[in-house]
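S.K.: Okay, so here is my_file13.tsv, and as you'll see once you scroll down, it has TSV, C-alpha atoms.
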chain	number	residue	atom	x	y	z
U	1	MET	CA	-103.12	47.47	-17.08
U	2	THR	CA	-102.69	51.04	-15.95
U	3	GLY	CA	-99.58	50.30	-13.92
U	4	GLU	CA	-101.51	50.81	-10.67
U	5	PRO	CA	-102.71	48.15	-8.21
U	6	ARG	CA	-105.60	46.25	-9.74
U	7	ILE	CA	-109.00	47.07	-8.26
U	8	PRO	CA	-111.29	44.02	-7.93
U	9	CYS	CA	-114.31	44.06	-10.22
U	10	GLY	CA	-117.02	43.28	-7.69
U	11	PRO	CA	-119.95	45.66	-7.10
U	12	ALA	CA	-118.43	46.87	-3.83
U	13	ALA	CA	-115.07	47.58	-5.42
U	14	LEU	CA	-115.80	51.04	-6.79
U	15	PRO	CA	-114.14	53.50	-4.38
U	16	ALA	CA	-115.60	56.68	-3.04
U	17	SER	CA	-114.68	59.85	-4.89
U	18	ALA	CA	-113.06	62.92	-3.45
U	19	ASN	CA	-115.06	64.88	-6.05
U	20	SER	CA	-118.39	63.20	-5.37
U	21	ASN	CA	-121.60	65.03	-6.23
U	22	ALA	CA	-123.19	63.17	-3.29
U	23	ALA	CA	-125.87	61.72	-5.55
U	24	PHE	CA	-126.48	58.55	-3.61
U	25	ALA	CA	-130.27	58.69	-3.19
U	26	HIS	CA	-131.14	55.04	-3.91
U	27	GLY	CA	-134.20	54.84	-6.12
U	28	ALA	CA	-134.02	58.56	-6.87
U	29	ASP	CA	-135.94	59.88	-9.85
U	30	LYS	CA	-133.72	59.62	-12.92
U	31	ALA	CA	-134.87	62.98	-14.28
U	32	ALA	CA	-133.75	64.67	-11.06
U	33	LEU	CA	-130.42	62.85	-11.17
U	34	ARG	CA	-129.88	63.92	-14.77
U	35	ALA	CA	-130.63	67.55	-13.93
U	36	MET	CA	-128.22	67.49	-10.99
U	37	LEU	CA	-125.40	65.87	-12.97
U	38	LYS	CA	-125.84	68.24	-15.92
U	39	ALA	CA	-125.67	71.23	-13.56
U	40	ALA	CA	-122.50	69.88	-11.96
U	41	ARG	CA	-120.85	69.52	-15.36
U	42	ARG	CA	-121.81	73.03	-16.38
U	43	ALA	CA	-120.25	74.33	-13.17
U	44	LEU	CA	-116.96	72.50	-13.68
U	45	ASP	CA	-114.01	74.84	-14.15
U	46	PRO	CA	-112.62	74.44	-17.71
U	47	ALA	CA	-109.04	74.00	-16.51
U	48	GLN	CA	-110.11	71.39	-13.98
U	49	LYS	CA	-112.18	69.62	-16.61
U	50	ALA	CA	-109.18	69.51	-18.95
U	51	GLN	CA	-107.07	67.94	-16.19
U	52	ARG	CA	-109.71	65.32	-15.50
U	53	ASP	CA	-110.10	64.56	-19.20
U	54	ALA	CA	-106.34	64.09	-19.55
U	55	ALA	CA	-106.28	61.71	-16.57
U	56	ILE	CA	-109.12	59.63	-18.01
U	57	GLY	CA	-107.43	59.63	-21.39
U	58	ALA	CA	-104.19	58.31	-19.89
U	59	ARG	CA	-106.06	55.43	-18.29
U	60	VAL	CA	-107.89	54.59	-21.50
U	61	LEU	CA	-104.68	54.65	-23.53
U	62	ALA	CA	-102.80	52.45	-21.06
U	63	TRP	CA	-105.71	50.01	-20.92
U	64	TRP	CA	-105.97	49.77	-24.70
U	65	ARG	CA	-102.22	49.29	-25.14
U	66	GLY	CA	-102.30	46.49	-22.58
U	67	ARG	CA	-105.24	44.90	-24.35
U	68	ALA	CA	-103.46	45.09	-27.71
U	69	ALA	CA	-100.26	43.63	-26.22
U	70	GLY	CA	-102.29	40.68	-25.00
U	71	GLY	CA	-103.61	39.97	-28.48
U	72	GLY	CA	-106.88	41.81	-27.94
U	73	ALA	CA	-106.52	44.54	-30.54
U	74	ALA	CA	-109.75	45.22	-32.41
U	75	PRO	CA	-111.69	48.15	-33.90
U	76	LEU	CA	-112.72	50.51	-31.12
U	77	GLY	CA	-116.05	52.29	-30.83
U	78	VAL	CA	-115.52	55.81	-29.47
U	79	TYR	CA	-117.80	58.83	-28.99
U	80	TRP	CA	-117.90	62.51	-29.84
U	81	PRO	CA	-118.21	64.47	-26.55
U	82	LEU	CA	-121.45	66.34	-25.92
U	83	ARG	CA	-122.81	68.38	-23.00
U	84	GLY	CA	-119.62	68.41	-20.99
U	85	GLU	CA	-118.72	64.73	-21.45
U	86	PRO	CA	-115.05	63.79	-21.03
U	87	ASP	CA	-113.19	64.84	-24.17
U	88	LEU	CA	-110.78	62.10	-25.29
U	89	HIS	CA	-109.80	63.54	-28.67
U	90	PRO	CA	-106.04	63.50	-27.88
U	91	VAL	CA	-106.29	59.78	-27.10
U	92	TYR	CA	-108.23	59.15	-30.29
U	93	ALA	CA	-105.46	60.84	-32.26
U	94	ASP	CA	-102.81	58.70	-30.53
U	95	LEU	CA	-104.76	55.53	-31.26
U	96	ALA	CA	-105.30	56.46	-34.90
U	97	ARG	CA	-101.58	57.14	-35.35
U	98	ALA	CA	-100.93	53.68	-33.92
U	99	GLY	CA	-103.15	52.16	-36.58
U	100	VAL	CA	-106.26	51.55	-34.46
U	101	ARG	CA	-109.45	51.62	-36.48
U	102	LEU	CA	-111.98	53.95	-34.80
U	103	ALA	CA	-115.76	54.05	-35.16
U	104	LEU	CA	-118.28	56.70	-34.13
U	105	PRO	CA	-121.95	55.96	-33.32
U	106	LEU	CA	-124.65	57.15	-35.69
U	107	VAL	CA	-128.33	57.62	-34.91
U	108	VAL	CA	-130.24	56.23	-37.89
U	109	ALA	CA	-133.81	56.51	-36.56
U	110	PRO	CA	-135.67	57.04	-33.28
U	111	ASP	CA	-136.02	54.03	-30.98
U	112	THR	CA	-133.39	51.98	-32.78
U	113	ALA	CA	-129.90	50.70	-32.06
U	114	LEU	CA	-126.94	52.83	-33.06
U	115	ALA	CA	-125.07	52.23	-36.29
U	116	PHE	CA	-121.31	52.77	-36.44
U	117	VAL	CA	-119.21	54.52	-39.05
U	118	GLU	CA	-115.45	54.51	-39.51
U	119	TRP	CA	-113.75	57.72	-38.42
U	120	VAL	CA	-110.27	59.12	-38.91
U	121	PRO	CA	-109.49	62.14	-36.67
U	122	GLY	CA	-109.19	65.28	-38.76
U	123	GLU	CA	-111.53	64.28	-41.56
U	124	ASP	CA	-114.49	66.46	-42.58
U	125	MET	CA	-117.50	66.18	-40.27
U	126	LEU	CA	-121.23	66.91	-40.47
U	127	SER	CA	-124.00	66.95	-37.86
U	128	ASP	CA	-126.42	64.03	-37.79
U	129	ARG	CA	-130.15	64.27	-37.02
U	130	MET	CA	-129.35	64.62	-33.31
U	131	GLY	CA	-126.75	67.33	-33.84
U	132	VAL	CA	-123.86	64.95	-33.21
U	133	ALA	CA	-120.73	65.17	-35.37
U	134	VAL	CA	-120.28	62.28	-37.82
U	135	PRO	CA	-117.90	61.86	-40.78
U	136	ALA	CA	-119.06	63.59	-43.95
U	137	ARG	CA	-118.22	60.40	-45.86
U	138	ARG	CA	-120.01	57.61	-44.03
U	139	ARG	CA	-118.31	54.24	-44.10
U	140	VAL	CA	-120.63	51.93	-42.16
U	141	LEU	CA	-118.98	49.24	-40.03
U	142	GLU	CA	-120.31	46.31	-38.07
U	143	ARG	CA	-120.80	47.14	-34.42
U	144	PRO	CA	-117.32	47.11	-32.82
U	145	SER	CA	-116.66	44.43	-30.24
U	146	VAL	CA	-115.30	47.07	-27.82
U	147	LEU	CA	-117.09	50.36	-27.07
U	148	LEU	CA	-116.20	53.44	-25.05
U	149	VAL	CA	-119.58	54.54	-23.67
U	150	PRO	CA	-120.04	58.04	-22.22
U	151	CYS	CA	-121.96	58.14	-18.94
U	152	LEU	CA	-123.88	61.03	-17.49
U	153	GLY	CA	-123.95	58.95	-14.32
U	154	PHE	CA	-123.25	55.38	-13.20
U	155	THR	CA	-124.01	53.15	-10.23
U	156	THR	CA	-121.86	50.94	-8.04
U	157	GLU	CA	-123.14	47.99	-10.09
U	158	ARG	CA	-121.97	49.77	-13.29
U	159	TYR	CA	-125.45	50.58	-14.58
U	160	ARG	CA	-125.28	53.63	-16.80
U	161	LEU	CA	-127.40	56.76	-16.60
U	162	GLY	CA	-127.60	58.42	-20.01
U	163	TYR	CA	-129.76	61.18	-21.42
U	164	GLY	CA	-132.87	59.03	-21.72
U	165	GLY	CA	-132.87	58.30	-25.44
U	166	GLY	CA	-132.19	54.60	-24.96
U	167	TYR	CA	-129.86	54.31	-27.96
U	168	TYR	CA	-127.06	52.54	-26.11
U	169	ASP	CA	-129.58	50.28	-24.32
U	170	ARG	CA	-130.87	49.07	-27.68
U	171	THR	CA	-127.35	48.78	-29.07
U	172	LEU	CA	-126.31	46.46	-26.23
U	173	GLU	CA	-129.38	44.22	-26.47
U	174	ALA	CA	-128.10	42.23	-29.46
U	175	LEU	CA	-125.82	39.27	-28.81
U	176	PRO	CA	-122.91	38.85	-28.72
U	177	ARG	CA	-122.61	41.87	-26.45
U	178	PRO	CA	-119.66	44.19	-27.04
U	179	TYR	CA	-117.19	44.81	-24.24
U	180	THR	CA	-118.24	48.14	-22.74
U	181	VAL	CA	-116.02	50.70	-21.02
U	182	GLY	CA	-118.01	53.42	-19.29
U	183	ILE	CA	-116.33	56.85	-19.34
U	184	ALA	CA	-117.31	59.26	-16.58
U	185	TYR	CA	-116.07	61.58	-13.88
U	186	ALA	CA	-115.63	60.03	-10.44
U	187	GLY	CA	-118.24	62.38	-8.98
U	188	ASP	CA	-120.86	61.08	-11.43
U	189	ARG	CA	-121.62	58.01	-9.37
U	190	VAL	CA	-125.29	57.87	-8.38
U	191	GLU	CA	-127.74	55.25	-7.21
U	192	PHE	CA	-131.03	54.32	-8.83
U	193	ALA	CA	-133.14	51.22	-9.21
U	194	GLY	CA	-132.13	49.37	-12.37
U	195	ALA	CA	-134.79	48.62	-14.98
U	196	ARG	CA	-135.28	45.29	-16.73
U	197	HIS	CA	-133.64	46.58	-19.92
U	198	ASP	CA	-130.55	47.98	-18.18
U	199	VAL	CA	-127.27	46.27	-19.14
U	200	ALA	CA	-124.32	46.68	-16.78
U	201	LEU	CA	-121.09	48.05	-18.20
U	202	ASP	CA	-118.06	45.77	-18.06
U	203	VAL	CA	-115.72	48.50	-16.76
U	204	VAL	CA	-115.96	52.10	-15.58
U	205	MET	CA	-113.01	54.50	-15.98
U	206	THR	CA	-112.79	57.89	-14.31
U	207	GLU	CA	-110.04	60.41	-13.62
U	208	GLU	CA	-109.44	58.85	-10.19
U	209	TRP	CA	-109.58	55.11	-10.85
U	210	SER	CA	-110.64	52.30	-13.16
U	211	ASP	CA	-112.16	49.01	-12.06
U	212	CYS	CA	-110.19	46.83	-14.46
Could you write out this structure as structure tokens?
M.R.:
Amino acid sequence: MTGEPRIPCGPAALPASANSNAAFAHGADKAALRAMLKAARRALDPAQKAQRDAAIGARVLAWWRGRAAGGGAAPLGVYWPLRGEPDLHPVYADLARAGVRLALPLVVAPDTALAFVEWVPGEDMLSDRMGVAVPARRRVLERPSVLLVPCLGFTTERYRLGYGGGYYDRTLEALPRPYTVGIAYAGDRVEFAGARHDVALDVVMTEEWSDC
């Protein structure tokens, strides 16, 4: 749906990255992987990061427009970027102007699934208990059926490496599962042994490619 040749969605389909962090130590300790990926993001040149964010945003926007054209329009769960995550605010603004209903995640308590609140870009924001921006006026929604999920890292099998809080893991446990689009930089691909609770993402989008 991006106007580029479709990449098959099998585990071996994810291509190598020209910007790889070379984090392919299978079974590597997740804490060490997190530290390495965080350091790589801190070292990323701001201008280069902005270019990568724009490229990811273009893919997300094209994908969503194709989904809507096929009758798949629905509320979209998005995220507020933290710790160097890809910043998709320009895309959010475009989607909102097109009438797409957006929802941001909200941490309601430790060790629980995320709640979701309606968000209109530009409205007043506050920080939640985790220091994440949420709308000052909270309008709670049902969990959206489609979620953009930020990844600190991801594997060839589309398992996500987050910050260790487990909030998205718990959010994805309940059926029916939402359709999940992992958002990451191409160099964030790593390898680790998946745990029993890990749920594979449906799609991963980076600045270099998307497997959808």
S.K.: Using all atoms listed in the file, which residues sit within 10 Å of Arg138 in chain U once same-chain residues fewer than 2 positions away are excluded, as JSON, numbers by chain?
M.R.: {"U": [106, 116, 117, 118, 119, 125, 134, 135, 136, 140, 141]}
S.K.: Measure the distance from CA of Ala103 in chain U to CA of Ala195 in chain U in Å and round it to one decimal.
M.R.: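 Taking CA of Ala103 in chain U as the start and CA of Ala195 in chain U as the end point, the length is 28.3 Å.
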S.K.: Can you work out which one of U:Leu95, U:Leu175, U:Ala39, U:Ala200 has the shortest atom-to-atom distance to Thr156 in chain U, counting only C-alpha atoms?
M.R.: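 Closest to Thr156 in chain U of all the choices is U:Ala200.
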S.K.: So the first atom is CA of Pro178 in chain U and the second is CA of Arg158 in chain U; what is the distance between them in Å, to one decimal place?
M.R.: 15.0 Å
S.K.: Measuring between all atoms listed in the file, which one of U:Ala43, U:Val132, U:Val146, U:Ala174 shows the shortest distance to Trp64 in chain U?
M.R.: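 Ranked by minimum distance to Trp64 in chain U, first place goes to U:Val146.
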S.K.: Distance CA of Met205 in chain U-CA of Cys151 in chain U, one decimal place?
M.R.: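 We find that CA of Met205 in chain U and CA of Cys151 in chain U lie 10.1 Å from each other.
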S.K.: Please determine, counting only C-alpha atoms, which residue among U:Ala74, U:Ala98, U:Asp87, U:Tyr168 has the shortest atom-to-atom distance to Ala115 in chain U.
M.R.: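 Among the listed residues, the smallest separation from Ala115 in chain U belongs to U:Tyr168.
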S.K.: Using all atoms listed in the file, pick whichever of U:Gly194, U:Gly122, U:Gly166, U:Pro150 has the shortest atom-to-atom distance to Leu88 in chain U.
M.R.: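 Looking only at the distances to Leu88 in chain U, the closest residue turns out to be U:Pro150.
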S.K.: Can you work out which one of U:Val91, U:Ala184, U:Leu161, U:Ala69 has the shortest atom-to-atom distance to Ser210 in chain U, counting only C-alpha atoms?
M.R.: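 Under the stated criterion, the closest residue is U:Ala184.
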S.K.: Which of these residues is nearest to Phe192 in chain U, using all atoms listed in the file: U:Gly66, U:Gly131, U:Gly153, U:Pro81?
M.R.: U:Gly153
S.K.: Residues at most 12 Å from Arg196 in chain U, counting all atoms listed in the file, excluding those fewer than 3 positions away in the same chain, as an mmCIF file with C-alpha atoms, keeping the file's coordinate frame?
M.R.:
data_model
loop_
_atom_site.group_PDB
_atom_site.id
_atom_site.type_symbol
_atom_site.label_atom_id
_atom_site.label_comp_id
_atom_site.auth_asym_id
_atom_site.auth_seq_id
_atom_site.Cartn_x
_atom_site.Cartn_y
_atom_site.Cartn_z
ATOM 1 C CA TYR U 159 -125.450 50.580 -14.580
ATOM 2 C CA ASP U 169 -129.580 50.280 -24.320
ATOM 3 C CA GLU U 173 -129.380 44.220 -26.470
ATOM 4 C CA ALA U 193 -133.140 51.220 -9.210
ATOM 5 C CA VAL U 199 -127.270 46.270 -19.140
ATOM 6 C CA ALA U 200 -124.320 46.680 -16.780
#
S.K.: Do a neighbour search on Pro176 in chain U at 12 Å with only C-alpha atoms, toss out local chain neighbours closer than 5 positions, and write the hits as a count of residues only.
M.R.: 5
